[in-house]
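Just structure-v2.csv here, CSV, C-alpha atoms:
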chain,number,residue,atom,x,y,z
A,1,MET,CA,0.0,0.0,0.0
A,2,LYS,CA,1.4,3.3,-1.1
A,3,GLN,CA,2.2,5.8,1.7
A,4,ASN,CA,1.4,9.5,1.5
A,5,ALA,CA,3.2,12.4,3.3
A,6,LEU,CA,3.5,16.1,3.7
A,7,LEU,CA,6.9,17.8,3.0
A,8,VAL,CA,8.2,20.4,5.3
A,9,GLY,CA,11.1,22.8,4.7
A,10,VAL,CA,12.7,25.8,6.4
A,11,ASN,CA,14.3,28.4,4.2
A,12,LEU,CA,17.1,29.7,6.3
A,13,LYS,CA,18.2,33.2,5.5
A,14,ASN,CA,16.8,33.1,2.0
A,15,GLN,CA,18.8,30.2,0.6
A,16,LYS,CA,19.3,30.5,-3.2
A,17,ASP,CA,18.7,26.8,-3.8
A,18,PHE,CA,15.8,26.3,-1.4
A,19,ALA,CA,13.2,25.7,-4.2
A,20,ASN,CA,15.6,23.1,-5.8
A,21,SER,CA,16.2,21.4,-2.5
A,22,MET,CA,12.4,21.0,-1.9
A,23,GLU,CA,12.0,19.7,-5.4
A,24,GLU,CA,14.7,17.1,-4.7
A,25,LEU,CA,12.9,16.2,-1.5
A,26,PHE,CA,9.8,15.5,-3.6
A,27,ASN,CA,11.8,13.3,-5.9
A,28,LEU,CA,13.4,11.5,-3.0
A,29,ALA,CA,10.0,10.7,-1.6
A,30,ASP,CA,8.8,9.6,-5.0
A,31,SER,CA,11.8,7.3,-5.2
A,32,CYS,CA,10.6,5.6,-2.0
A,33,ASP,CA,7.1,5.2,-3.5
A,34,ILE,CA,5.7,7.9,-1.2
A,35,ASP,CA,2.9,10.0,-2.5
A,36,VAL,CA,3.4,13.7,-1.7
A,37,VAL,CA,0.0,15.3,-0.9
A,38,GLY,CA,1.2,18.8,0.2
A,39,LYS,CA,4.0,20.9,1.6
A,40,VAL,CA,4.6,23.5,4.3
A,41,THR,CA,7.5,25.9,4.2
A,42,GLN,CA,8.7,28.7,6.5
A,43,LYS,CA,11.3,31.4,6.3
A,44,LEU,CA,13.5,31.7,9.4
A,45,ASN,CA,16.8,33.1,10.4
A,46,ARG,CA,17.4,30.0,12.6
A,47,VAL,CA,15.4,26.8,13.2
A,48,ASN,CA,13.4,26.2,16.3
A,49,LYS,CA,15.5,24.0,18.6
A,50,SER,CA,12.5,22.1,20.0
A,51,HIS,CA,10.2,21.7,17.0
A,52,TYR,CA,12.4,22.8,14.0
A,53,LEU,CA,9.4,25.0,12.9
A,54,GLY,CA,7.8,27.9,14.7
A,55,LYS,CA,4.8,27.2,17.0
A,56,GLY,CA,2.3,28.7,14.5
A,57,LYS,CA,3.6,26.6,11.6
A,58,VAL,CA,3.4,23.4,13.7
A,59,THR,CA,-0.3,24.2,14.4
A,60,GLU,CA,-0.7,24.9,10.6
A,61,LEU,CA,0.9,21.5,9.9
A,62,LEU,CA,-1.3,19.7,12.3
A,63,ILE,CA,-4.4,21.1,10.6
A,64,LEU,CA,-3.1,20.2,7.2
A,65,LEU,CA,-2.4,16.6,8.4
A,66,HIS,CA,-6.1,16.2,9.3
A,67,GLU,CA,-7.3,17.8,6.1
A,68,LYS,CA,-5.1,15.6,3.9
A,69,ASN,CA,-5.8,12.5,6.0
A,70,THR,CA,-2.1,11.6,6.1
A,71,ASN,CA,0.1,10.3,9.0
A,72,MET,CA,3.6,11.0,7.8
A,73,VAL,CA,5.7,14.2,7.6
A,74,ILE,CA,9.1,14.4,5.9
A,75,PHE,CA,11.4,17.3,6.8
A,76,ASN,CA,14.0,18.7,4.4
A,77,ASP,CA,16.8,18.8,7.0
A,78,GLU,CA,18.3,16.3,9.4
A,79,LEU,CA,16.3,16.5,12.7
A,80,SER,CA,17.8,16.1,16.1
A,81,PRO,CA,16.5,13.2,18.3
A,82,SER,CA,14.7,15.6,20.5
A,83,GLN,CA,13.0,17.3,17.6
A,84,VAL,CA,11.8,14.0,16.3
A,85,ARG,CA,10.3,13.1,19.7
A,86,ASN,CA,8.7,16.5,20.2
A,87,LEU,CA,7.2,16.6,16.7
A,88,GLU,CA,5.8,13.1,16.9
A,89,ALA,CA,4.3,13.9,20.3
A,90,THR,CA,2.6,17.0,18.9
A,91,LEU,CA,1.6,15.8,15.5
A,92,LYS,CA,0.7,12.3,16.5
A,93,CYS,CA,2.2,10.9,13.3
A,94,ARG,CA,5.4,9.5,11.9
A,95,VAL,CA,8.2,12.1,11.4
A,96,ILE,CA,11.2,11.4,9.3
A,97,ASP,CA,13.9,13.6,7.7
A,98,ARG,CA,15.8,13.9,4.5
A,99,THR,CA,18.7,11.8,5.9
A,100,ILE,CA,16.5,8.7,6.7
A,101,LEU,CA,14.8,9.1,3.3
A,102,ILE,CA,18.1,9.0,1.5
A,103,LEU,CA,19.2,6.0,3.6
A,104,ASP,CA,16.0,4.2,2.7
A,105,ILE,CA,16.7,4.7,-1.0
A,106,PHE,CA,20.2,3.4,-0.6
A,107,ALA,CA,18.9,0.4,1.3
A,108,LEU,CA,16.4,-0.3,-1.6
A,109,ARG,CA,19.1,0.1,-4.3
A,110,ALA,CA,22.1,-1.7,-2.7
A,111,LYS,CA,22.7,-4.9,-4.6
A,112,THR,CA,26.3,-5.9,-3.8
A,113,ARG,CA,27.4,-7.2,-0.4
A,114,GLU,CA,29.7,-4.2,0.1
A,115,ALA,CA,27.0,-1.6,-0.7
A,116,GLN,CA,24.5,-3.4,1.6
A,117,LEU,CA,27.1,-3.4,4.5
A,118,GLN,CA,27.9,0.3,4.0
A,119,VAL,CA,24.2,1.3,4.1
A,120,GLU,CA,23.4,-0.9,7.1
A,121,VAL,CA,26.3,0.6,9.1
A,122,THR,CA,25.1,4.1,8.2
A,123,LYS,CA,21.5,3.4,9.2
A,124,LEU,CA,22.5,1.8,12.5
A,125,GLN,CA,24.8,4.7,13.4
A,126,TYR,CA,22.0,7.1,12.6
A,127,MET,CA,19.6,5.2,14.8
A,128,LEU,CA,21.8,5.0,17.9
A,129,PRO,CA,21.1,8.5,19.3
A,130,ARG,CA,17.5,8.2,18.2
A,131,LEU,CA,16.5,5.0,20.0
A,132,ILE,CA,13.9,6.7,22.1
A,133,GLY,CA,12.3,8.4,19.2
A,134,PHE,CA,12.2,5.2,17.1
A,135,GLY,CA,10.7,3.3,20.0
A,136,GLU,CA,7.9,5.7,20.4
A,137,SER,CA,7.0,5.9,16.7
A,138,SER,CA,6.8,2.2,16.4
A,139,GLY,CA,4.5,1.8,19.4
A,140,GLN,CA,6.9,0.5,22.0
A,141,LYS,CA,6.4,1.5,25.6
A,142,GLY,CA,9.2,3.8,26.9
A,143,SER,CA,10.1,5.3,30.2
A,144,GLY,CA,7.2,7.8,29.8
A,145,GLU,CA,4.5,5.1,30.3
A,146,SER,CA,4.7,5.2,34.1
A,147,ASN,CA,7.2,5.5,36.9
A,148,LYS,CA,6.8,1.8,37.6
A,149,ASN,CA,8.0,0.8,34.2
A,150,SER,CA,10.7,3.4,33.7
A,151,GLY,CA,13.6,1.2,34.8
A,152,SER,CA,12.6,-1.7,32.5
A,153,GLY,CA,12.2,0.8,29.6
A,154,GLU,CA,15.7,2.1,30.1
A,155,THR,CA,17.2,-1.4,30.4
A,156,LYS,CA,15.6,-2.3,27.1
A,157,GLN,CA,17.0,0.8,25.4
A,158,GLU,CA,20.5,0.0,26.7
A,159,LEU,CA,20.1,-3.5,25.5
A,160,ASN,CA,19.1,-2.3,22.0
A,161,ARG,CA,22.0,0.2,22.0
A,162,ARG,CA,24.5,-2.6,22.9
A,163,LYS,CA,23.1,-4.9,20.1
A,164,ILE,CA,23.4,-2.1,17.6
A,165,GLU,CA,27.0,-1.2,18.6
A,166,ASN,CA,28.0,-4.9,18.4
A,167,ARG,CA,26.3,-5.2,15.0
A,168,VAL,CA,28.2,-2.2,13.7
A,169,ILE,CA,31.5,-3.7,14.9
A,170,GLY,CA,30.8,-6.9,13.1
A,171,LEU,CA,29.7,-5.2,9.9
A,172,ASN,CA,32.9,-3.0,9.9
A,173,GLN,CA,35.1,-6.1,10.3
A,174,GLU,CA,33.4,-7.6,7.2
A,175,LEU,CA,33.8,-4.4,5.3
A,176,GLU,CA,37.5,-4.2,6.1
A,177,THR,CA,38.0,-7.6,4.3
A,178,LEU,CA,36.3,-6.2,1.2
A,179,VAL,CA,38.3,-3.0,1.4
A,180,SER,CA,41.5,-5.0,1.5
A,181,GLN,CA,40.5,-6.9,-1.6
A,182,ARG,CA,39.7,-3.7,-3.4
A,183,GLN,CA,43.1,-2.2,-2.4
A,184,ASN,CA,44.9,-5.3,-3.8
A,185,GLN,CA,43.1,-4.9,-7.1
A,186,ARG,CA,44.2,-1.3,-7.3
A,187,LYS,CA,47.8,-2.3,-6.7
A,188,LYS,CA,47.7,-4.8,-9.6
A,189,ARG,CA,46.4,-2.1,-11.9
A,190,LYS,CA,49.1,0.3,-10.9
A,191,LYS,CA,51.8,-2.2,-11.7
A,192,MET,CA,50.4,-2.6,-15.2
A,193,GLU,CA,50.2,1.2,-15.6
A,194,ILE,CA,46.6,1.0,-16.7
A,195,PRO,CA,45.1,4.5,-16.4
A,196,VAL,CA,42.0,4.8,-14.3
A,197,ILE,CA,39.3,7.3,-15.1
A,198,ALA,CA,36.5,7.9,-12.6
A,199,LEU,CA,33.0,9.3,-13.5
A,200,VAL,CA,31.8,11.6,-10.8
A,201,GLY,CA,28.9,14.0,-10.4
A,202,TYR,CA,25.5,14.7,-9.0
A,203,THR,CA,23.0,11.9,-8.9
A,204,ASN,CA,21.1,11.3,-12.2
A,205,ALA,CA,23.6,13.5,-14.2
A,206,GLY,CA,24.2,10.6,-16.6
A,207,LYS,CA,27.4,8.9,-15.4
A,208,SER,CA,26.1,5.4,-16.2
A,209,SER,CA,24.8,6.5,-19.6
A,210,ILE,CA,28.3,7.8,-20.5
A,211,MET,CA,29.9,4.5,-19.4
A,212,ASN,CA,27.4,2.5,-21.6
A,213,ALA,CA,27.9,4.9,-24.5
A,214,MET,CA,31.7,4.3,-24.3
A,215,MET,CA,31.1,0.5,-24.0
A,216,ASN,CA,28.9,0.5,-27.1
A,217,LEU,CA,31.3,2.5,-29.2
A,218,PHE,CA,34.5,0.7,-28.3
A,219,ASN,CA,33.7,-2.7,-26.7
A,220,GLY,CA,30.4,-3.6,-28.3
A,221,SER,CA,29.6,-5.8,-25.3
A,222,ILE,CA,26.0,-5.5,-24.2
A,223,ASP,CA,26.4,-7.9,-21.2
A,224,LYS,CA,29.0,-5.6,-19.7
A,225,GLN,CA,26.7,-2.5,-19.6
A,226,VAL,CA,25.8,-1.0,-16.3
A,227,PHE,CA,22.3,-0.3,-15.0
A,228,GLU,CA,21.0,3.1,-16.0
A,229,LYS,CA,17.7,4.8,-15.4
A,230,ASP,CA,16.3,8.3,-15.1
A,231,MET,CA,16.0,8.3,-11.3
A,232,LEU,CA,17.9,9.4,-8.2
A,233,PHE,CA,20.7,7.0,-7.1
A,234,ALA,CA,20.2,4.5,-9.8
A,235,THR,CA,23.8,3.4,-9.3
A,236,LEU,CA,25.3,2.6,-5.8
A,237,GLU,CA,27.9,0.0,-6.7
A,238,THR,CA,31.2,1.0,-8.1
A,239,SER,CA,31.5,-0.6,-11.6
A,240,VAL,CA,34.8,-0.8,-13.4
A,241,ARG,CA,35.0,-1.5,-17.1
A,242,SER,CA,38.0,-1.8,-19.4
A,243,ILE,CA,37.8,0.5,-22.5
A,244,LYS,CA,40.1,-0.1,-25.5
A,245,PHE,CA,40.4,2.4,-28.3
A,246,PRO,CA,41.1,1.3,-31.9
A,247,ASP,CA,44.8,2.2,-31.5
A,248,ASN,CA,44.9,-0.3,-28.5
A,249,LYS,CA,45.2,2.5,-25.9
A,250,SER,CA,43.2,1.3,-23.0
A,251,PHE,CA,42.0,2.5,-19.6
A,252,LEU,CA,39.7,1.5,-16.8
A,253,LEU,CA,36.5,3.5,-16.5
A,254,THR,CA,34.9,3.6,-13.0
A,255,ASP,CA,31.2,4.5,-12.4
A,256,THR,CA,30.7,5.8,-8.9
A,257,VAL,CA,27.7,6.7,-6.6
A,258,GLY,CA,26.2,10.1,-7.3
A,259,PHE,CA,26.1,13.0,-4.9
A,260,ILE,CA,23.3,15.2,-3.7
A,261,SER,CA,22.9,18.3,-1.6
A,262,LYS,CA,22.8,17.5,2.2
A,263,LEU,CA,24.1,14.0,1.5
A,264,PRO,CA,24.4,12.5,5.0
A,265,HIS,CA,27.9,12.8,6.4
A,266,GLN,CA,27.6,9.3,7.8
A,267,LEU,CA,26.9,7.9,4.3
A,268,VAL,CA,29.9,9.6,2.7
A,269,LYS,CA,32.0,8.2,5.5
A,270,ALA,CA,30.6,4.7,5.1
A,271,PHE,CA,31.1,4.8,1.3
A,272,ARG,CA,34.6,6.2,1.7
A,273,SER,CA,36.3,2.8,0.9
A,274,THR,CA,34.3,2.6,-2.3
A,275,LEU,CA,35.0,6.2,-3.2
A,276,GLU,CA,38.7,5.6,-2.8
A,277,GLU,CA,38.5,4.6,-6.5
A,278,VAL,CA,38.0,8.3,-7.2
A,279,SER,CA,40.8,9.5,-5.0
A,280,GLU,CA,43.3,7.2,-6.7
A,281,ALA,CA,42.1,7.9,-10.3
A,282,ASP,CA,44.4,9.4,-12.9
A,283,LEU,CA,41.5,11.5,-14.3
A,284,LEU,CA,38.0,12.6,-13.3
A,285,ILE,CA,35.2,13.1,-15.7
A,286,HIS,CA,32.8,15.4,-13.8
A,287,VAL,CA,29.4,14.7,-15.4
A,288,VAL,CA,27.0,17.6,-15.2
A,289,ASP,CA,23.2,17.6,-16.0
A,290,TYR,CA,23.4,20.7,-18.3
A,291,SER,CA,19.6,20.7,-18.7
A,292,ASN,CA,19.0,21.2,-15.0
A,293,PRO,CA,18.5,24.9,-14.1
A,294,TYR,CA,20.4,24.4,-10.9
A,295,TYR,CA,23.4,22.7,-12.6
A,296,LYS,CA,25.9,25.2,-11.2
A,297,GLN,CA,24.9,24.5,-7.6
A,298,GLN,CA,25.1,20.8,-8.4
A,299,VAL,CA,28.7,21.3,-9.6
A,300,GLU,CA,29.5,23.1,-6.3
A,301,VAL,CA,28.0,20.2,-4.2
A,302,THR,CA,30.0,17.6,-6.1
A,303,THR,CA,33.2,19.7,-5.8
A,304,ASP,CA,32.7,20.2,-2.1
A,305,THR,CA,32.0,16.5,-1.5
A,306,LEU,CA,35.1,15.5,-3.4
A,307,LYS,CA,37.1,17.9,-1.2
A,308,GLU,CA,35.6,16.2,1.9
A,309,LEU,CA,36.8,12.9,0.5
A,310,GLY,CA,40.3,14.3,0.2
A,311,VAL,CA,40.3,14.3,-3.6
A,312,ASN,CA,42.8,16.9,-4.7
A,313,ASN,CA,45.1,17.7,-7.7
A,314,ILE,CA,43.5,15.2,-10.1
A,315,PRO,CA,42.9,16.5,-13.6
A,316,VAL,CA,39.2,17.0,-14.5
A,317,ILE,CA,37.2,17.0,-17.6
A,318,TYR,CA,33.8,18.6,-17.3
A,319,ALA,CA,31.2,16.7,-19.4
A,320,TYR,CA,28.1,18.9,-19.8
A,321,ASN,CA,25.5,16.1,-20.5
A,322,LYS,CA,21.9,16.1,-21.7
A,323,THR,CA,22.4,18.8,-24.3
A,324,ASP,CA,19.6,17.2,-26.3
A,325,LEU,CA,17.2,18.6,-23.7
A,326,ILE,CA,18.5,22.2,-24.2
A,327,ASP,CA,16.1,24.2,-26.4
A,328,ASN,CA,18.6,26.7,-27.7
A,329,GLU,CA,22.0,25.2,-28.4
A,330,ASP,CA,23.4,28.8,-29.1
A,331,SER,CA,22.6,29.7,-25.5
A,332,LYS,CA,25.6,27.7,-24.2
A,333,GLU,CA,27.8,30.0,-22.1
A,334,GLU,CA,31.5,29.6,-22.0
A,335,GLU,CA,32.5,27.7,-18.9
A,336,LYS,CA,35.5,28.7,-16.8
A,337,GLU,CA,37.0,25.2,-16.7
A,338,ASP,CA,40.1,24.4,-18.8
A,339,VAL,CA,38.6,21.3,-20.3
A,340,CYS,CA,34.9,21.0,-20.9
A,341,VAL,CA,32.9,19.2,-23.5
A,342,TYR,CA,29.2,19.3,-24.4
A,343,ILE,CA,27.6,15.9,-25.0
A,344,SER,CA,24.4,13.9,-25.0
A,345,ALA,CA,25.3,10.4,-23.8
A,346,LYS,CA,21.7,9.2,-24.6
A,347,GLU,CA,21.9,10.4,-28.3
A,348,LYS,CA,25.7,9.5,-28.6
A,349,VAL,CA,26.4,13.2,-29.5
A,350,GLY,CA,29.8,14.7,-28.6
A,351,ILE,CA,31.4,11.4,-27.4
A,352,ASP,CA,34.2,12.0,-29.9
A,353,LYS,CA,35.0,15.3,-28.2
A,354,LEU,CA,35.1,13.5,-24.8
A,355,VAL,CA,37.4,10.9,-26.3
A,356,ASN,CA,39.8,13.6,-27.6
A,357,ALA,CA,39.9,15.2,-24.2
A,358,ILE,CA,40.7,11.9,-22.6
A,359,TYR,CA,43.6,11.4,-25.1
A,360,GLN,CA,45.0,14.9,-24.2
A,361,LYS,CA,44.8,14.2,-20.4
A,362,VAL,CA,45.7,10.5,-20.0
A,363,PHE,CA,47.9,9.0,-22.7
A,364,THR,CA,51.0,11.0,-22.1
A,365,LYS,CA,53.4,8.2,-21.0
A,366,TYR,CA,53.6,6.5,-24.5
A,367,ILE,CA,56.8,6.1,-26.4
A,368,ASN,CA,57.3,6.0,-30.2
A,369,CYS,CA,59.9,3.4,-31.0
A,370,ASP,CA,61.1,0.6,-33.4
A,371,MET,CA,61.8,-2.9,-32.2
A,372,LEU,CA,63.3,-5.8,-34.0
A,373,ILE,CA,61.7,-9.0,-32.6
A,374,PRO,CA,63.6,-12.2,-33.4
A,375,TYR,CA,61.7,-15.0,-35.2
A,376,GLY,CA,60.4,-17.5,-32.8
A,377,LYS,CA,59.1,-14.8,-30.4
A,378,GLU,CA,55.6,-14.8,-31.8
A,379,ASN,CA,54.2,-14.4,-28.3
A,380,ILE,CA,55.8,-10.9,-28.0
A,381,ILE,CA,54.6,-10.0,-31.5
A,382,SER,CA,51.1,-11.0,-30.5
A,383,TYR,CA,51.2,-9.1,-27.2
A,384,LEU,CA,52.4,-5.9,-28.9
A,385,HIS,CA,49.7,-6.1,-31.6
A,386,ASP,CA,47.1,-6.4,-28.8
A,387,ASN,CA,48.5,-3.7,-26.5
A,388,ALA,CA,50.4,-1.2,-28.6
A,389,ASN,CA,49.6,1.0,-31.6
A,390,VAL,CA,51.6,-0.9,-34.3
A,391,LYS,CA,52.1,1.4,-37.3
A,392,SER,CA,54.1,-0.9,-39.5
A,393,THR,CA,55.5,-4.4,-39.6
A,394,ILE,CA,58.5,-5.3,-41.8
A,395,TYR,CA,59.8,-8.9,-42.1
A,396,GLU,CA,63.6,-8.7,-42.3
A,397,GLY,CA,66.3,-11.4,-42.4
A,398,ASN,CA,67.0,-11.5,-38.6
A,399,GLY,CA,63.6,-10.7,-37.3
A,400,ILE,CA,60.4,-8.7,-37.5
A,401,LEU,CA,60.8,-4.9,-37.4
A,402,ILE,CA,57.8,-3.2,-35.7
A,403,SER,CA,57.3,0.5,-35.6
A,404,MET,CA,54.9,1.4,-32.9
A,405,GLN,CA,53.7,3.6,-30.0
A,406,CYS,CA,53.6,1.7,-26.7
A,407,LYS,CA,53.2,2.2,-23.0
A,408,ARG,CA,56.4,3.0,-21.1
A,409,VAL,CA,56.1,-0.2,-19.0
A,410,ASP,CA,56.0,-2.3,-22.2
A,411,TYR,CA,59.0,-0.4,-23.7
A,412,GLU,CA,61.0,-1.1,-20.5
A,413,ARG,CA,60.0,-4.8,-20.7
A,414,TYR,CA,61.2,-5.2,-24.3
A,415,LYS,CA,63.7,-2.5,-24.7
A,416,LYS,CA,66.5,-5.0,-25.4
A,417,TYR,CA,64.8,-5.3,-28.8
A,418,ALA,CA,64.8,-1.6,-29.5
A,419,ASN,CA,66.3,-0.7,-32.8

Could you write out this file's structure as structure tokens?
Amino acid sequence: MKQNALLVGVNLKNQKDFANSMEELFNLADSCDIDVVGKVTQKLNRVNKSHYLGKGKVTELLILLHEKNTNMVIFNDELSPSQVRNLEATLKCRVIDRTILILDIFALRAKTREAQLQVEVTKLQYMLPRLIGFGESSGQKGSGESNKNSGSGETKQELNRRKIENRVIGLNQELETLVSQRQNQRKKRKKMEIPVIALVGYTNAGKSSIMNAMMNLFNGSIDKQVFEKDMLFATLETSVRSIKFPDNKSFLLTDTVGFISKLPHQLVKAFRSTLEEVSEADLLIHVVDYSNPYYKQQVEVTTDTLKELGVNNIPVIYAYNKTDLIDNEDSKEEEKEDVCVYISAKEKVGIDKLVNAIYQKVFTKYINCDMLIPYGKENIISYLHDNANVKSTIYEGNGILISMQCKRVDYERYKKYAN
């Protein structure tokens, strides 16, 4: 049965992106299959410590709840445990905030064991300081029932807290094993000098669409495509695909979880091990939904989140995506970034420009050389044809002369044959 809810937001000091933030809250609710039946907003210089809203707005919200016949309210900011308790006591309905809504979406979308562990750890850590509030909203009897039961209520709460803390410890230990495996994979890639390019950006900007477009153009493998859909947080898992260009230059393309304004700090911390793929990348492709009127704010959110993750001094290509949804192509303004391309991953437009930008940024450690490979070393010949850009092959008396452009690591491996 589909739930319905009212949305509530406080516009603190005339925030420039408040309307966009409320629209995002609506989309987040929709992603959880919650039907939004109305909204209440208030302009304030600071939130009310006890009820988040002013007293008059709380009364207005209570009346609207009865009018709309709904029993859930979703707030646009993270509420304190006391605010949740006070609001539920006054409104006599379930009260949740933006943070728990995002966590619920992550829980629904998590498919891999690592993503499921990360989400569960975050939800449990979020619940710890809110045990009393959760107990009341789910109909459990707490210490407020009567003096006679107060001791047993507190004991139950302490027991629940201890269970959660032990569960978090166990989950983190399992996560550490998966993190170690991921680190070993990265070490192997570094040894092979395979460039790693990470797709980053706001949720639903089109990162997965770009990955699939590249796969279609250069790999032609449908079974290796990643899931893509026009919805928030369609991708939670970090997917890595090998892309090889016609001249045998190759790299690993990483699709990462998208960001959003007011992304819970606990969630960023929990996904830090997954997002380490970004911090150790050779190049970032910052995907921007150019059709979104708030795209500049979304760029800022992504940039700030990357800084929080300690991602610094990595070259960036800004890929302004969804240009097919822009009415007037001539209205494109010049962006300040050094390298930016305008594309439509869905329509496969501008991908060639993105590829050219990748060439300029990534494939700088290649060496032009000639090698004379002795007859009988066909395995070396085969390897170079698969992994280098062979420009010519001449059969001579004492071996096969290959003129090529190859990775530095391959040149060092076979430099004894250099001519």

Which residues, written as a list in words, have at least one atom at most 6 Å from region 71-81 of chain A, with all atoms listed in the file counted and residues fewer than 2 positions away on the same chain left out?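 Within the cut-off, the hits are Ala5, Leu6, Leu7, Val8, Gly9, Gln83, Val84, Cys93, Arg94, Val95, Ile96, Asp97, Arg98, Thr99 and Arg130 of chain A.
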
Residues at most 12 Å from Thr90 (chain A), counting all atoms listed in the file, excluding those fewer than 3 positions away in the same chain, as a list in words? Ser50, His51, Lys55, Val58, Thr59, Glu60, Leu61, Leu62, Ile63, Leu65, Gln83, Val84, Arg85, Asn86, Leu87, Cys93, Arg94 and Val95 of chain A

Might you pull out every residue within 6 Å of region 289-302 of chain A, with all atoms listed in the file counted and same-chain residues fewer than 6 positions away left off, and present them as an NGL selection string? :A and (201 or 205 or 320-322 or 325-326)

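Residues surrounding region 11-16 of chain A within 6 Å are Lys43, Leu44 and Asn45 of chain A [all atoms listed in the file; sequence separation below 5 positions excluded].
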
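For the atom pair formed by CA of Ile210 (chain A) and CA of Ala345 (chain A), the distance is 5.2 Å, given to one decimal.
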
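Here CA of Phe218 (chain A) stands at a distance of 9.9 Å from CA of Ser242 (chain A).
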
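Take the candidates A:Ala281, A:Thr323, A:Asn248, A:Gln157 and check each one against Ala388 (chain A) using all atoms listed in the file; the shortest distance goes to A:Asn248.
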
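Of the listed residues (A:Asn312, A:Ser261, A:Gln125, A:Thr364), A:Ser261 comes nearest to Leu28 (chain A); the distances count only C-alpha atoms.
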
Between CA of Glu23 (chain A) and CA of Leu91 (chain A), what distance in Å does the model show, to one decimal?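 Spanning CA of Glu23 (chain A) to CA of Leu91 (chain A) is a straight-line distance of 23.7 Å.
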
Mind checking which residues fall within 12 Å of Arg413 (chain A), counting only C-alpha atoms, ignoring those fewer than 5 positions away in the same chain, and posting them as a list of chain:residue names? A:Met192, A:Met371, A:Ile380, A:Tyr383, A:Leu384, A:Cys406, A:Lys407, A:Arg408, A:Ala418

Of the listed residues A:Ala107, A:Asp304, A:Glu378, A:Tyr342, that which approaches Tyr318 (chain A) most closely, counting all atoms listed in the file: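 Checking each candidate against Tyr318 (chain A), we get A:Tyr342 as the closest.
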